$ cat upload.pdb   # PDB, C-alpha atoms
ATOM      1  CA  GLN T  15     119.085  89.751  96.472  1.00  0.00           C
ATOM      2  CA  LEU T  16     116.103  92.043  96.617  1.00  0.00           C
ATOM      3  CA  GLN T  17     112.739  90.331  96.932  1.00  0.00           C
ATOM      4  CA  LEU T  18     109.390  92.023  96.644  1.00  0.00           C
ATOM      5  CA  VAL T  19     106.254  90.261  97.830  1.00  0.00           C
ATOM      6  CA  GLN T  20     102.911  91.741  96.924  1.00  0.00           C
ATOM      7  CA  SER T  21      99.505  91.288  98.471  1.00  0.00           C
ATOM      8  CA  GLY T  22      96.096  92.815  98.094  1.00  0.00           C
ATOM      9  CA  GLY T  23      94.096  93.372  94.969  1.00  0.00           C
ATOM     10  CA  GLY T  24      90.953  91.626  93.868  1.00  0.00           C
ATOM     11  CA  LEU T  25      87.541  92.480  92.502  1.00  0.00           C
ATOM     12  CA  VAL T  26      85.802  95.683  93.518  1.00  0.00           C
ATOM     13  CA  GLN T  27      82.846  97.665  92.264  1.00  0.00           C
ATOM     14  CA  PRO T  28      83.331 101.077  90.708  1.00  0.00           C
ATOM     15  CA  GLY T  29      83.794 103.663  93.412  1.00  0.00           C
ATOM     16  CA  GLY T  30      85.258 101.098  95.775  1.00  0.00           C
ATOM     17  CA  SER T  31      88.658 100.911  97.408  1.00  0.00           C
ATOM     18  CA  LEU T  32      91.539  98.496  97.583  1.00  0.00           C
ATOM     19  CA  ARG T  33      94.932  98.515  99.230  1.00  0.00           C
ATOM     20  CA  LEU T  34      98.001  96.895  97.764  1.00  0.00           C
ATOM     21  CA  SER T  35     101.069  95.991  99.785  1.00  0.00           C
ATOM     22  CA  CYS T  36     104.643  95.379  98.736  1.00  0.00           C
ATOM     23  CA  THR T  37     107.074  93.983 101.282  1.00  0.00           C
ATOM     24  CA  HIS T  38     110.755  94.156 100.479  1.00  0.00           C
ATOM     25  CA  SER T  39     113.681  92.165 101.817  1.00  0.00           C
ATOM     26  CA  GLY T  40     117.233  91.296 100.977  1.00  0.00           C
ATOM     27  CA  LEU T  41     118.456  94.805 100.260  1.00  0.00           C
ATOM     28  CA  THR T  42     118.452  98.068 102.130  1.00  0.00           C
ATOM     29  CA  LEU T  43     116.349 100.571 100.236  1.00  0.00           C
ATOM     30  CA  ASP T  44     116.842 103.525 102.560  1.00  0.00           C
ATOM     31  CA  TYR T  45     118.261 105.702  99.789  1.00  0.00           C
ATOM     32  CA  TYR T  46     115.902 104.627  97.065  1.00  0.00           C
ATOM     33  CA  ALA T  47     112.277 104.590  96.110  1.00  0.00           C
ATOM     34  CA  ILE T  48     109.724 101.949  95.326  1.00  0.00           C
ATOM     35  CA  GLY T  49     107.418 102.307  92.375  1.00  0.00           C
ATOM     36  CA  TRP T  50     103.945 101.061  91.590  1.00  0.00           C
ATOM     37  CA  PHE T  51     103.127 100.155  88.018  1.00  0.00           C
ATOM     38  CA  ARG T  52     100.198  98.643  86.212  1.00  0.00           C
ATOM     39  CA  GLN T  53      99.584  96.932  82.937  1.00  0.00           C
ATOM     40  CA  ALA T  54      96.210  96.354  81.374  1.00  0.00           C
ATOM     41  CA  PRO T  55      95.688  93.759  78.642  1.00  0.00           C
ATOM     42  CA  GLY T  56      96.948  95.061  75.326  1.00  0.00           C
ATOM     43  CA  LYS T  57      98.489  98.143  76.879  1.00  0.00           C
ATOM     44  CA  GLU T  58     101.971  99.153  77.877  1.00  0.00           C
ATOM     45  CA  ARG T  59     103.097  99.110  81.462  1.00  0.00           C
ATOM     46  CA  GLU T  60     102.659 102.505  83.057  1.00  0.00           C
ATOM     47  CA  GLY T  61     103.945 104.083  86.208  1.00  0.00           C
ATOM     48  CA  VAL T  62     101.302 104.807  88.817  1.00  0.00           C
ATOM     49  CA  SER T  63     103.162 106.101  91.831  1.00  0.00           C
ATOM     50  CA  CYS T  64     106.537 106.123  93.485  1.00  0.00           C
ATOM     51  CA  ILE T  65     107.534 106.709  97.076  1.00  0.00           C
ATOM     52  CA  SER T  66     110.872 107.555  98.597  1.00  0.00           C
ATOM     53  CA  ILE T  67     111.752 105.169 101.398  1.00  0.00           C
ATOM     54  CA  SER T  68     113.761 107.734 103.340  1.00  0.00           C
ATOM     55  CA  ASP T  69     111.326 110.628 103.520  1.00  0.00           C
ATOM     56  CA  GLY T  70     108.087 109.295 102.114  1.00  0.00           C
ATOM     57  CA  ARG T  71     107.863 111.784  99.275  1.00  0.00           C
ATOM     58  CA  THR T  72     105.486 110.595  96.629  1.00  0.00           C
ATOM     59  CA  HIS T  73     104.744 111.241  92.989  1.00  0.00           C
ATOM     60  CA  TYR T  74     101.747 110.142  91.011  1.00  0.00           C
ATOM     61  CA  ALA T  75     100.580 109.704  87.474  1.00  0.00           C
ATOM     62  CA  ASP T  76      97.787 112.084  86.543  1.00  0.00           C
ATOM     63  CA  SER T  77      95.388 109.148  86.468  1.00  0.00           C
ATOM     64  CA  ALA T  78      96.139 108.426  90.131  1.00  0.00           C
ATOM     65  CA  LYS T  79      96.264 111.903  91.602  1.00  0.00           C
ATOM     66  CA  GLY T  80      93.564 112.561  94.146  1.00  0.00           C
ATOM     67  CA  ARG T  81      92.488 108.916  94.270  1.00  0.00           C
ATOM     68  CA  PHE T  82      95.573 106.867  95.069  1.00  0.00           C
ATOM     69  CA  THR T  83      97.898 107.302  98.016  1.00  0.00           C
ATOM     70  CA  ALA T  84     101.272 105.651  98.438  1.00  0.00           C
ATOM     71  CA  SER T  85     102.689 105.230 101.905  1.00  0.00           C
ATOM     72  CA  ARG T  86     105.372 103.255 103.659  1.00  0.00           C
ATOM     73  CA  ASP T  87     105.971 101.556 106.969  1.00  0.00           C
ATOM     74  CA  ASN T  88     109.714 101.224 107.249  1.00  0.00           C
ATOM     75  CA  ALA T  89     109.449  99.153 110.412  1.00  0.00           C
ATOM     76  CA  LYS T  90     107.665  96.524 108.325  1.00  0.00           C
ATOM     77  CA  ASN T  91     109.682  97.098 105.138  1.00  0.00           C
ATOM     78  CA  THR T  92     106.389  97.566 103.400  1.00  0.00           C
ATOM     79  CA  VAL T  93     104.922 100.120 101.062  1.00  0.00           C
ATOM     80  CA  TYR T  94     101.251 100.475 100.345  1.00  0.00           C
ATOM     81  CA  LEU T  95      99.094 101.792  97.566  1.00  0.00           C
ATOM     82  CA  GLN T  96      95.687 102.847  98.791  1.00  0.00           C
ATOM     83  CA  MET T  97      93.322 103.119  95.855  1.00  0.00           C
ATOM     84  CA  ASN T  98      90.022 104.907  96.304  1.00  0.00           C
ATOM     85  CA  SER T  99      87.240 105.845  93.928  1.00  0.00           C
ATOM     86  CA  LEU T 100      88.279 103.053  91.634  1.00  0.00           C
ATOM     87  CA  LYS T 101      87.148 103.111  88.029  1.00  0.00           C
ATOM     88  CA  PRO T 102      86.827 100.325  85.464  1.00  0.00           C
ATOM     89  CA  GLU T 103      89.815 101.796  83.647  1.00  0.00           C
ATOM     90  CA  ASP T 104      91.939 101.064  86.712  1.00  0.00           C
ATOM     91  CA  THR T 105      91.578  97.370  85.941  1.00  0.00           C
ATOM     92  CA  ALA T 106      95.068  95.982  85.420  1.00  0.00           C
ATOM     93  CA  GLU T 107      97.828  93.856  86.836  1.00  0.00           C
ATOM     94  CA  TYR T 108      99.660  95.940  89.416  1.00  0.00           C
ATOM     95  CA  TYR T 109     103.342  95.566  90.174  1.00  0.00           C
ATOM     96  CA  CYS T 110     105.783  97.080  92.593  1.00  0.00           C
ATOM     97  CA  ALA T 111     109.411  97.497  91.619  1.00  0.00           C
ATOM     98  CA  ALA T 112     112.565  98.673  93.326  1.00  0.00           C
ATOM     99  CA  PRO T 113     114.832 100.361  93.602  1.00  0.00           C
ATOM    100  CA  ILE T 114     113.491 103.221  91.547  1.00  0.00           C
ATOM    101  CA  LEU T 115     116.276 105.590  90.609  1.00  0.00           C
ATOM    102  CA  THR T 116     114.059 108.387  89.326  1.00  0.00           C
ATOM    103  CA  CYS T 117     111.202 109.179  91.683  1.00  0.00           C
ATOM    104  CA  ASP T 118     110.803 112.883  91.081  1.00  0.00           C
ATOM    105  CA  SER T 119     108.638 115.449  89.344  1.00  0.00           C
ATOM    106  CA  ASN T 120     109.248 113.693  86.022  1.00  0.00           C
ATOM    107  CA  TRP T 121     107.313 110.644  87.208  1.00  0.00           C
ATOM    108  CA  PRO T 122     105.952 108.738  85.405  1.00  0.00           C
ATOM    109  CA  LYS T 123     107.301 110.087  82.123  1.00  0.00           C
ATOM    110  CA  ILE T 124     110.780 109.132  83.235  1.00  0.00           C
ATOM    111  CA  TRP T 125     111.454 106.175  85.461  1.00  0.00           C
ATOM    112  CA  GLU T 126     114.228 103.691  85.881  1.00  0.00           C
ATOM    113  CA  VAL T 127     114.592 100.531  87.900  1.00  0.00           C
ATOM    114  CA  ALA T 128     118.146  99.789  88.930  1.00  0.00           C
ATOM    115  CA  ASP T 129     119.899  96.970  87.115  1.00  0.00           C
ATOM    116  CA  PHE T 130     120.090  95.093  90.381  1.00  0.00           C
ATOM    117  CA  GLY T 131     116.437  95.727  91.136  1.00  0.00           C
ATOM    118  CA  SER T 132     113.427  93.475  91.205  1.00  0.00           C
ATOM    119  CA  TRP T 133     109.771  93.408  90.354  1.00  0.00           C
ATOM    120  CA  GLY T 134     106.973  92.007  92.415  1.00  0.00           C
ATOM    121  CA  HIS T 135     104.971  89.092  91.052  1.00  0.00           C
ATOM    122  CA  GLY T 136     101.972  91.275  90.292  1.00  0.00           C
ATOM    123  CA  THR T 137      98.464  91.337  91.627  1.00  0.00           C
ATOM    124  CA  GLN T 138      95.253  91.670  89.674  1.00  0.00           C
ATOM    125  CA  VAL T 139      92.891  94.550  90.308  1.00  0.00           C
ATOM    126  CA  THR T 140      89.516  94.301  88.620  1.00  0.00           C
ATOM    127  CA  VAL T 141      86.989  97.094  88.858  1.00  0.00           C
ATOM    128  CA  SER T 142      83.615  95.954  87.644  1.00  0.00           C
ATOM    129  CA  SER T 143      79.985  95.989  88.609  1.00  0.00           C
TER     130      SER T 143
END
$ encode --input "upload.pdb" --output "structure tokens"
Amino acid sequence: QLQLVQSGGGLVQPGGSLRLSCTHSGLTLDYYAIGWFRQAPGKEREGVSCISISDGRTHYADSAKGRFTASRDNAKNTVYLQMNSLKPEDTAEYYCAAPILTCDSNWPKIWEVADFGSWGHGTQVTVSS
């Protein structure tokens, strides 16, 4: 059974940086992708970024382009989301999920988590002065 364990997050001032981690176990994800999502209070969950485990290709929501960077360390079964130049509107609960079946140029308009997939427990990111 796939397990995703998240770490990182916290409180940061506008313009600051944070790095989120998502460590996966229990299922080989070599042929899949892992996605990062966020949900702010009163808003729908939205896709932020996805990264292919095999080749590291990434896709981003427009809101994340140029500021967020997804990466992976396959030796540690961990993916990261480096978030720079954070804005108050980035405040949300952030989740990783896998396996993502649709990490391509349609991200985040189209995304799908496999039926046998899992979600991380979420981590709060608060951007405030």
$ closest_residue --input "upload.pdb" --among "T:Thr105, T:Thr137, T:Ser63, T:Asn98" --to "Gly80 in chain T" --atoms "all atoms listed in the file"
T:Asn98
$ resolve_selection --input "upload.pdb" --expression "the PyMOL selection byres ((chain T and resi 26-42) around 9)" --output "PyMOL selection string"
chain T and resi 15-25+43-46+48+90-102+108-112+134+137+139-143
$ resolve_selection --input "upload.pdb" --expression "the PyMOL selection byres ((chain T and resi 78) around 12)" --output "VMD selection string"
chain T and resid 50 to 52 60 to 64 72 to 77 79 to 84 95 to 101 103 to 104 121 to 122
$ atom_distance --input "upload.pdb" --atom1 "CA of Glu107 in chain T" --atom2 "CA of Gly56 in chain T"
11.6 Å
$ closest_residue --input "upload.pdb" --among "T:Ser66, T:Ser119, T:Gln138, T:Ser132" --to "Asp87 in chain T" --atoms "all atoms listed in the file"
T:Ser66
$ atom_distance --input "upload.pdb" --atom1 "CA of Ala54 in chain T" --atom2 "CA of Trp125 in chain T"
18.6 Å
$ axis_aligned_box --input "upload.pdb" --around "range 46-59 of chain T" --padding-each-side "3 Å" --output "JSON"
{"center_x": 105.8, "center_y": 99.2, "center_z": 86.2, "size_x": 26.2, "size_y": 16.9, "size_z": 27.7}
$ atom_distance --input "upload.pdb" --atom1 "CA of Asn120 in chain T" --atom2 "CA of Asp69 in chain T"
17.9 Å
